[in-house]
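Colleague: Here it is: the structure, laid out below.
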Amino acid sequence: MTKNLNNLSLASRGIKYKLRISFYLMSVLPLLVSIYLISSYILPKFGLKIDIALAMSVSIFIALIGFFLIKQVIDRILSVTTEAKLIAAGDLNRKVETDELDEVGDLSEALNQLTTRIRSNMDELKGYGEKTSEINLEIQRRVIVLSSLLQVSSLISQGAKLDDILKLTVEKSRLLANSEIAFLLYREEEEKKCFRIKIVDGPNPNFLLGVEVFLQDEIFSKMIKHNNPLLIDKQSKLPEVAKNTLFEKFHLKNILALPVYLRGGVRAILTIGNMKDDFIYRKEDVELLDVFSKQVAIAIENDLLMSKVEKLEIRDALTGLFNLSYIKSRLQEEIKRAVAYQRPCAFIIFDVDHFKKFYDNFGSLNSEAILKKIATLISSSITEVDRVGRTSDDEFAVILPERNKRQAHDIAENIRKKIEFAFREEDEPVKRLTVSAGISENPLDGVTSEELMTVACEALKVSKEEGRNRVVIFRGANK
Amino acid sequence: MPLRRIINKQLGELLIDRGLLTPEKLEKALVYQRDKGGLIGEIIVELGFVKEEDIAQALTTQYGFPFLPLGNYDINADILSIIPVRVAKQYLLIPVDKIGNNLTIAMSNPLNVQAVEDVELLSGCSVQIFVSTSSDVKKAIERYYKE
């Protein structure tokens, strides 16, 4: 019942329907009733008889005129509604027609004004959006450049090879300023006057490999003298001749080059370039490439210092024992002394048995720990005049001045037993470490450190072949 | 292997004990050694304090090593290969004879026990030592190893 009543309700119906109902209620029905009453009761009293059909036609005609007028109003309201809906859906370019100056006309006008305002606001927003995305792009570019710098720095701090660092730096420099190619001109020594391409990154870089730049080249000498970037683009004021020379040399239309300063001198030139027409380098490009050139300087400086330190270094970083180069030179000195004083000098090489297996099973930390332990065991078994070093991963060397082969054998055997004893309690067989040793002696096996090392290594090989955990004093069994 | 006498005494002390050298002269020789290097036996001879023959004589009488005048002795070339020339030159010794498992060597400083051990290790023989003067051993090495 309620449902049926709801169906009858006008609340949910459209304005058109409501108007139609009200029109019927207000005009057609009362008119028809009036006509009926007038024609049936009033007119016969006066003797008049009206043709009912004519009366009906006139009434309907008048009602139709009313209906037509209302329809016009409704149609305009409906068209405004449709337009408003379309505008709401997002079509801001629509315009509602406003021919008549009635309320609907005002509504349309208001709607048009609203649309115009929204449209201008939208345009403004769009402008902001474009600007924001440009800023975002720039930020993104800088983030990429900064992360590249970070990568370069971490390579430097990891102590990577200079060539790898320079390669990465050049690669990353190419990301700047739409560059098609990036390269590093380098001179091996400060005294040299000629820069050669050391690293190049880009498509078909081979033609660049033979290119040389001399300190006395006018353009470059100016750059180096004043520590300015060399900038060649649409705005650069360099004479055309100079531009053409560079174009022929590097096959590039636009070039940005920065000197890499090292201890007051220019050691390298970091360069990027492209072939674009009407190209202009921005200030930021120069600044960023400058940072890269500083990184190159740090890397080169670091490499120079490292190689100096390596030469000076005499200790092995892990165990604190001497390193191979020290052991070599020290052995040579001891041999000289031995020859001068008619004394012997012995040399032992220890190698940890099955060390690789241990490393594979227990990793680098444990391996380092046992190497330290073995280092301590060896150095605690020799005297102050003796020298012990770690000569490679799991190899130790001992110089025994004033000791002959028999004495060296006793010392080596003592160390071998100590090490075997130190690890004998381990549960797993891989952890029960032992060492093999080979011994050589001056004068028996030679008069240079190389000779003694070779013979000791060969004896060590024999001790490995014979089953490890032993000391061998001659390279062959028959000798 | 024969029992080896334990020899701790330095050559200088031995020469003083036998009255061939004064402590002052030994001191001088040691100072010279500190400055210029070299072996004490050779320095004492070089400075003219003691003769080479006297040193050999002292070693002979003190420790019972027999003396071998190398100049009058012919060495069989075959046995030279037992001791390489670098060992002979460094320890100043030379093989002179080999009978069975006994190798006889002549050396200027028989107190160099380590050298004797090395020779034993190298040759696998038991070693019999004769004392000779330094210059005789040097001359013999020059002469025989050259051939």
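Residue numbering restarts at 1 for every chain of the structure tokens, chains are lettered A, B, ... in their displayed order, and ligands are numbered from 1 as they appear.
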Using only C-alpha atoms, I'd like every residue of chain A that has an atom within 8 Å of chain B; please write them out as a ChimeraX atom specification.
Modeller: /A:339-344,403-406,443-444,446-447
Colleague: Keeping only N, CA and C atoms, write the selected residues as a PDB file, in the first residue's frame.
Modeller:
ATOM      1  N   VAL A 339     127.136 -13.693   3.752  1.00  0.00           N
ATOM      2  CA  VAL A 339     128.286 -13.907   2.869  1.00  0.00           C
ATOM      3  C   VAL A 339     129.508 -13.214   3.458  1.00  0.00           C
ATOM      4  N   ALA A 340     129.334 -11.978   3.967  1.00  0.00           N
ATOM      5  CA  ALA A 340     130.460 -11.216   4.481  1.00  0.00           C
ATOM      6  C   ALA A 340     131.072 -11.868   5.725  1.00  0.00           C
ATOM      7  N   TYR A 341     130.260 -12.512   6.558  1.00  0.00           N
ATOM      8  CA  TYR A 341     130.766 -13.052   7.823  1.00  0.00           C
ATOM      9  C   TYR A 341     130.892 -14.572   7.830  1.00  0.00           C
ATOM     10  N   GLN A 342     130.833 -15.165   6.638  1.00  0.00           N
ATOM     11  CA  GLN A 342     130.968 -16.624   6.503  1.00  0.00           C
ATOM     12  C   GLN A 342     129.954 -17.368   7.369  1.00  0.00           C
ATOM     13  N   ARG A 343     128.737 -16.816   7.393  1.00  0.00           N
ATOM     14  CA  ARG A 343     127.693 -17.423   8.210  1.00  0.00           C
ATOM     15  C   ARG A 343     126.576 -17.938   7.309  1.00  0.00           C
ATOM     16  N   PRO A 344     125.735 -18.818   7.823  1.00  0.00           N
ATOM     17  CA  PRO A 344     124.571 -19.218   7.047  1.00  0.00           C
ATOM     18  C   PRO A 344     123.390 -18.279   7.317  1.00  0.00           C
ATOM     19  N   ARG A 403     121.365 -18.979  11.063  1.00  0.00           N
ATOM     20  CA  ARG A 403     120.906 -20.365  11.277  1.00  0.00           C
ATOM     21  C   ARG A 403     121.156 -21.160  10.011  1.00  0.00           C
ATOM     22  N   ASN A 404     121.633 -22.399  10.196  1.00  0.00           N
ATOM     23  CA  ASN A 404     121.791 -23.248   9.021  1.00  0.00           C
ATOM     24  C   ASN A 404     120.547 -24.115   8.852  1.00  0.00           C
ATOM     25  N   LYS A 405     120.619 -24.977   7.867  1.00  0.00           N
ATOM     26  CA  LYS A 405     119.421 -25.731   7.499  1.00  0.00           C
ATOM     27  C   LYS A 405     118.926 -26.622   8.633  1.00  0.00           C
ATOM     28  N   ARG A 406     119.874 -27.254   9.354  1.00  0.00           N
ATOM     29  CA  ARG A 406     119.456 -28.155  10.428  1.00  0.00           C
ATOM     30  C   ARG A 406     118.730 -27.393  11.528  1.00  0.00           C
ATOM     31  N   PRO A 443     124.442 -20.529   2.322  1.00  0.00           N
ATOM     32  CA  PRO A 443     124.788 -20.600   0.897  1.00  0.00           C
ATOM     33  C   PRO A 443     124.284 -21.857   0.175  1.00  0.00           C
ATOM     34  N   LEU A 444     123.736 -22.846   0.878  1.00  0.00           N
ATOM     35  CA  LEU A 444     123.463 -24.118   0.205  1.00  0.00           C
ATOM     36  C   LEU A 444     122.588 -23.960  -1.034  1.00  0.00           C
ATOM     37  N   GLY A 446     121.544 -20.943  -2.631  1.00  0.00           N
ATOM     38  CA  GLY A 446     121.652 -19.782  -3.499  1.00  0.00           C
ATOM     39  C   GLY A 446     122.185 -18.579  -2.764  1.00  0.00           C
ATOM     40  N   VAL A 447     122.403 -17.491  -3.542  1.00  0.00           N
ATOM     41  CA  VAL A 447     122.968 -16.288  -2.945  1.00  0.00           C
ATOM     42  C   VAL A 447     122.075 -15.068  -3.148  1.00  0.00           C
TER      43      VAL A 447
END
Colleague: Check segment 32-118 of chain B with DSSP on the backbone and list each residue it calls strand (DSSP E), as a list of chain:residue names.
Modeller: B:Leu93, B:Ile94, B:Pro95, B:Val96, B:Asp97, B:Lys98, B:Ile99, B:Asn102, B:Leu103, B:Thr104, B:Ile105, B:Ala106, B:Met107
Colleague: So which bits of chain B end up alpha helix (DSSP H) when you DSSP the backbone, as an MDAnalysis selection string?
Modeller: chainID B and resid 11:17 23:36 40:46 52:63 85:91 113:123 134:146
Colleague: Selection from above, C-alpha atoms, as a tab-separated table (two decimals), in the first residue's frame, can you write it?
Modeller:
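Saved as selection_33.tsv:
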chain	number	residue	atom	x	y	z
B	11	LEU	CA	138.93	-17.21	18.06
B	12	GLY	CA	140.11	-14.01	19.76
B	13	GLU	CA	139.95	-15.56	23.22
B	14	LEU	CA	141.80	-18.61	22.00
B	15	LEU	CA	144.64	-16.49	20.63
B	16	ILE	CA	144.88	-14.51	23.90
B	17	ASP	CA	144.89	-17.75	25.90
B	23	PRO	CA	143.58	-8.05	24.90
B	24	GLU	CA	144.46	-4.50	23.77
B	25	LYS	CA	145.26	-5.66	20.28
B	26	LEU	CA	142.04	-7.70	20.19
B	27	GLU	CA	140.13	-4.59	21.26
B	28	LYS	CA	141.75	-2.63	18.43
B	29	ALA	CA	140.84	-5.37	15.97
B	30	LEU	CA	137.23	-5.37	17.23
B	31	VAL	CA	136.99	-1.57	16.80
B	32	TYR	CA	138.36	-1.97	13.28
B	33	GLN	CA	135.77	-4.66	12.64
B	34	ARG	CA	132.96	-2.41	13.86
B	35	ASP	CA	134.09	0.36	11.50
B	36	LYS	CA	135.00	-1.54	8.39
B	40	ILE	CA	138.05	-11.01	13.12
B	41	GLY	CA	140.59	-13.70	12.08
B	42	GLU	CA	141.32	-11.90	8.82
B	43	ILE	CA	141.50	-8.49	10.51
B	44	ILE	CA	144.04	-9.69	13.05
B	45	VAL	CA	146.19	-11.01	10.20
B	46	GLU	CA	145.64	-7.88	8.12
B	52	GLU	CA	147.92	-16.92	9.50
B	53	GLU	CA	150.08	-19.92	10.24
B	54	ASP	CA	150.01	-19.10	13.96
B	55	ILE	CA	146.22	-19.12	13.98
B	56	ALA	CA	146.14	-22.48	12.22
B	57	GLN	CA	148.73	-23.74	14.67
B	58	ALA	CA	146.68	-22.53	17.65
B	59	LEU	CA	143.55	-24.27	16.36
B	60	THR	CA	145.53	-27.44	15.82
B	61	THR	CA	146.98	-27.55	19.28
B	62	GLN	CA	143.91	-26.35	21.12
B	63	TYR	CA	141.28	-28.52	19.44
B	85	VAL	CA	131.54	-23.22	-5.35
B	86	ARG	CA	129.25	-20.67	-3.60
B	87	VAL	CA	129.27	-22.81	-0.44
B	88	ALA	CA	133.03	-23.26	-0.59
B	89	LYS	CA	133.62	-19.52	-1.06
B	90	GLN	CA	131.17	-18.42	1.63
B	91	TYR	CA	132.43	-20.80	4.33
B	113	VAL	CA	130.08	-25.58	13.34
B	114	GLN	CA	127.14	-24.53	11.22
B	115	ALA	CA	129.26	-24.68	8.09
B	116	VAL	CA	130.39	-28.19	8.96
B	117	GLU	CA	126.78	-29.22	9.56
B	118	ASP	CA	125.81	-27.82	6.19
B	119	VAL	CA	128.53	-29.79	4.49
B	120	GLU	CA	127.37	-32.95	6.25
B	121	LEU	CA	123.78	-32.29	5.20
B	122	LEU	CA	124.84	-31.56	1.65
B	123	SER	CA	127.11	-34.56	1.21
B	134	SER	CA	142.63	-18.62	4.81
B	135	SER	CA	144.85	-17.64	1.92
B	136	ASP	CA	145.64	-21.26	1.11
B	137	VAL	CA	141.94	-22.18	1.04
B	138	LYS	CA	141.15	-19.16	-1.13
B	139	LYS	CA	143.95	-20.01	-3.52
B	140	ALA	CA	142.81	-23.62	-3.73
B	141	ILE	CA	139.21	-22.61	-4.45
B	142	GLU	CA	140.40	-20.25	-7.20
B	143	ARG	CA	142.58	-22.92	-8.67
B	144	TYR	CA	140.42	-26.02	-8.51
B	145	TYR	CA	136.92	-24.65	-9.07
B	146	LYS	CA	138.17	-22.70	-12.08
Colleague: In Å, how far is it from atom CA of Tyr186 of chain A to atom CA of Ser293 of chain A?
Modeller: 12.1 Å
Colleague: Tell me, as a list of chain:residue names, which residues lie within 12 Å of segment 29-33 of chain A, counting only C-alpha atoms; anything in the same chain fewer than 5 positions away does not count.
Modeller: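 Listing them by chain and then by number gives A:Ile21, A:Ser22, A:Phe23, A:Tyr24, A:Ile38, A:Ser39, A:Ser40, A:Tyr41, A:Ile52, A:Ala53, A:Ala55, A:Met56, A:Ser57, A:Val58, A:Ser59, A:Ile60, A:Phe61, A:Ile62, A:Ala63.
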Colleague: So that I can check the surroundings of segment 430-436 of chain A, please list as a short mmCIF file (atom, residue, chain, number, x, y, z; two decimals) with C-alpha atoms, in the first residue's frame every protein, DNA and RNA residue that reaches within 10 Å of it, counting only C-alpha atoms and ignoring chain neighbours fewer than 2 positions away.
Modeller:
data_model
loop_
_atom_site.label_atom_id
_atom_site.label_comp_id
_atom_site.auth_asym_id
_atom_site.auth_seq_id
_atom_site.Cartn_x
_atom_site.Cartn_y
_atom_site.Cartn_z
CA ILE A 349 107.97 -20.81 4.02
CA PHE A 350 104.88 -22.06 5.86
CA ASP A 351 101.60 -22.74 4.09
CA VAL A 352 98.36 -23.56 5.91
CA ASP A 353 97.05 -26.96 4.77
CA HIS A 354 93.58 -27.02 3.16
CA PHE A 355 93.08 -23.35 3.94
CA LYS A 357 88.44 -25.59 2.35
CA PHE A 358 88.41 -23.82 5.70
CA TYR A 359 87.67 -20.48 4.02
CA ASN A 361 83.30 -23.53 5.06
CA PHE A 362 83.72 -20.79 7.65
CA ILE A 370 92.92 -18.29 12.37
CA ILE A 374 98.91 -18.79 13.32
CA ASP A 394 97.80 -18.27 3.85
CA GLU A 395 101.57 -18.25 3.41
CA PHE A 396 104.08 -17.12 6.01
CA ALA A 412 110.17 -25.11 11.62
CA GLU A 413 109.35 -28.48 13.13
CA ILE A 415 106.33 -24.32 14.88
CA ARG A 416 104.59 -27.05 12.90
CA LYS A 417 103.99 -29.04 16.10
CA LYS A 418 102.76 -25.96 17.98
CA ILE A 419 100.20 -25.21 15.29
CA GLU A 420 99.06 -28.82 15.09
CA PHE A 421 98.71 -28.82 18.89
CA ALA A 422 96.82 -25.52 18.96
CA PHE A 423 94.07 -26.80 16.66
CA ARG A 424 94.01 -30.46 17.73
CA GLU A 425 90.96 -30.09 20.01
CA GLU A 426 88.63 -28.77 17.28
CA ASP A 427 85.52 -30.92 16.69
CA GLU A 428 85.40 -30.72 12.94
CA GLY A 438 109.75 -25.70 2.95
CA ALA A 459 110.46 -27.77 -0.93
CA LEU A 460 107.03 -26.66 0.26
CA LYS A 461 105.51 -28.22 -2.85
CA VAL A 462 107.27 -31.47 -2.02
CA SER A 463 105.93 -31.36 1.54
CA LYS A 464 102.39 -30.85 0.20
CA GLU A 466 104.15 -36.00 0.53
CA GLY A 467 100.98 -35.54 2.54
CA ARG A 468 101.18 -32.12 4.24
CA ASN A 469 101.76 -31.28 7.92
CA ARG A 470 105.50 -31.73 7.53
CA VAL A 471 108.77 -29.85 7.01
CA VAL A 472 110.89 -30.49 3.93
#
Colleague: Ser126 of chain B: which residues within 7 Å, counting only C-alpha atoms, same-chain residues fewer than 4 positions away excluded, as a PDB file with N, CA and C atoms, in the first residue's frame?
Modeller:
ATOM      1  N   MET B   1     127.685 -40.777  12.842  1.00  0.00           N
ATOM      2  CA  MET B   1     128.241 -39.411  12.926  1.00  0.00           C
ATOM      3  C   MET B   1     129.080 -39.286  14.206  1.00  0.00           C
ATOM      4  N   ASN B 101     132.234 -43.277   3.234  1.00  0.00           N
ATOM      5  CA  ASN B 101     131.281 -42.258   3.681  1.00  0.00           C
ATOM      6  C   ASN B 101     131.969 -41.152   4.477  1.00  0.00           C
ATOM      7  N   ASN B 102     133.286 -41.076   4.324  1.00  0.00           N
ATOM      8  CA  ASN B 102     134.033 -40.041   5.043  1.00  0.00           C
ATOM      9  C   ASN B 102     134.551 -38.998   4.084  1.00  0.00           C
ATOM     10  N   LEU B 103     134.107 -37.750   4.330  1.00  0.00           N
ATOM     11  CA  LEU B 103     134.558 -36.655   3.484  1.00  0.00           C
ATOM     12  C   LEU B 103     135.550 -35.827   4.280  1.00  0.00           C
ATOM     13  N   GLU B 120     127.849 -31.592   5.952  1.00  0.00           N
ATOM     14  CA  GLU B 120     127.365 -32.948   6.246  1.00  0.00           C
ATOM     15  C   GLU B 120     126.003 -33.194   5.615  1.00  0.00           C
TER      16      GLU B 120
END
Colleague: Fewer than 4 positions away in the same chain doesn't count, so skip those; otherwise give me all residues within 10 Å of Tyr73 of chain B, counting only C-alpha atoms, as a ChimeraX atom specification.
Modeller: /B:68-69,96,140
Colleague: So, counting only C-alpha atoms, which residue among A:Arg94, A:Lys192, A:Arg315, A:Arg387 is closest to Ala268 of chain A?
Modeller: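 Comparing A:Arg94, A:Lys192, A:Arg315, A:Arg387 against Ala268 of chain A, the winner is A:Lys192.
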Colleague: Between A:Lys294, A:Ser364, A:Leu324, A:Gly127, single out the one closest to Thr169 of chain A, counting only C-alpha atoms.
Modeller: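 Counting only C-alpha atoms, the residue closest to Thr169 of chain A is A:Lys294.
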Colleague: Please, what distance in Å, to one decimal, runs between atom CA of Lys372 of chain A and atom CA of Thr319 of chain A?
Modeller: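 Going from atom CA of Lys372 of chain A over to atom CA of Thr319 of chain A, I get 5.3 Å.
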Colleague: In Å to one decimal, how far is atom CA of Asp75 of chain A from atom CA of Thr116 of chain A?
Modeller: 24.1 Å
Colleague: Restricting the calculation to only C-alpha atoms, which member of A:Pro401, A:Gly389, A:Pro239, A:Gly105 is positioned closest to Ile327 of chain A?
Modeller: A:Gly389
Colleague: Would you please work out which residue, of B:Val131, B:Ile82, B:Leu21, B:Ala77, is nearest to Leu47 of chain B when using only C-alpha atoms?
Modeller: B:Leu21
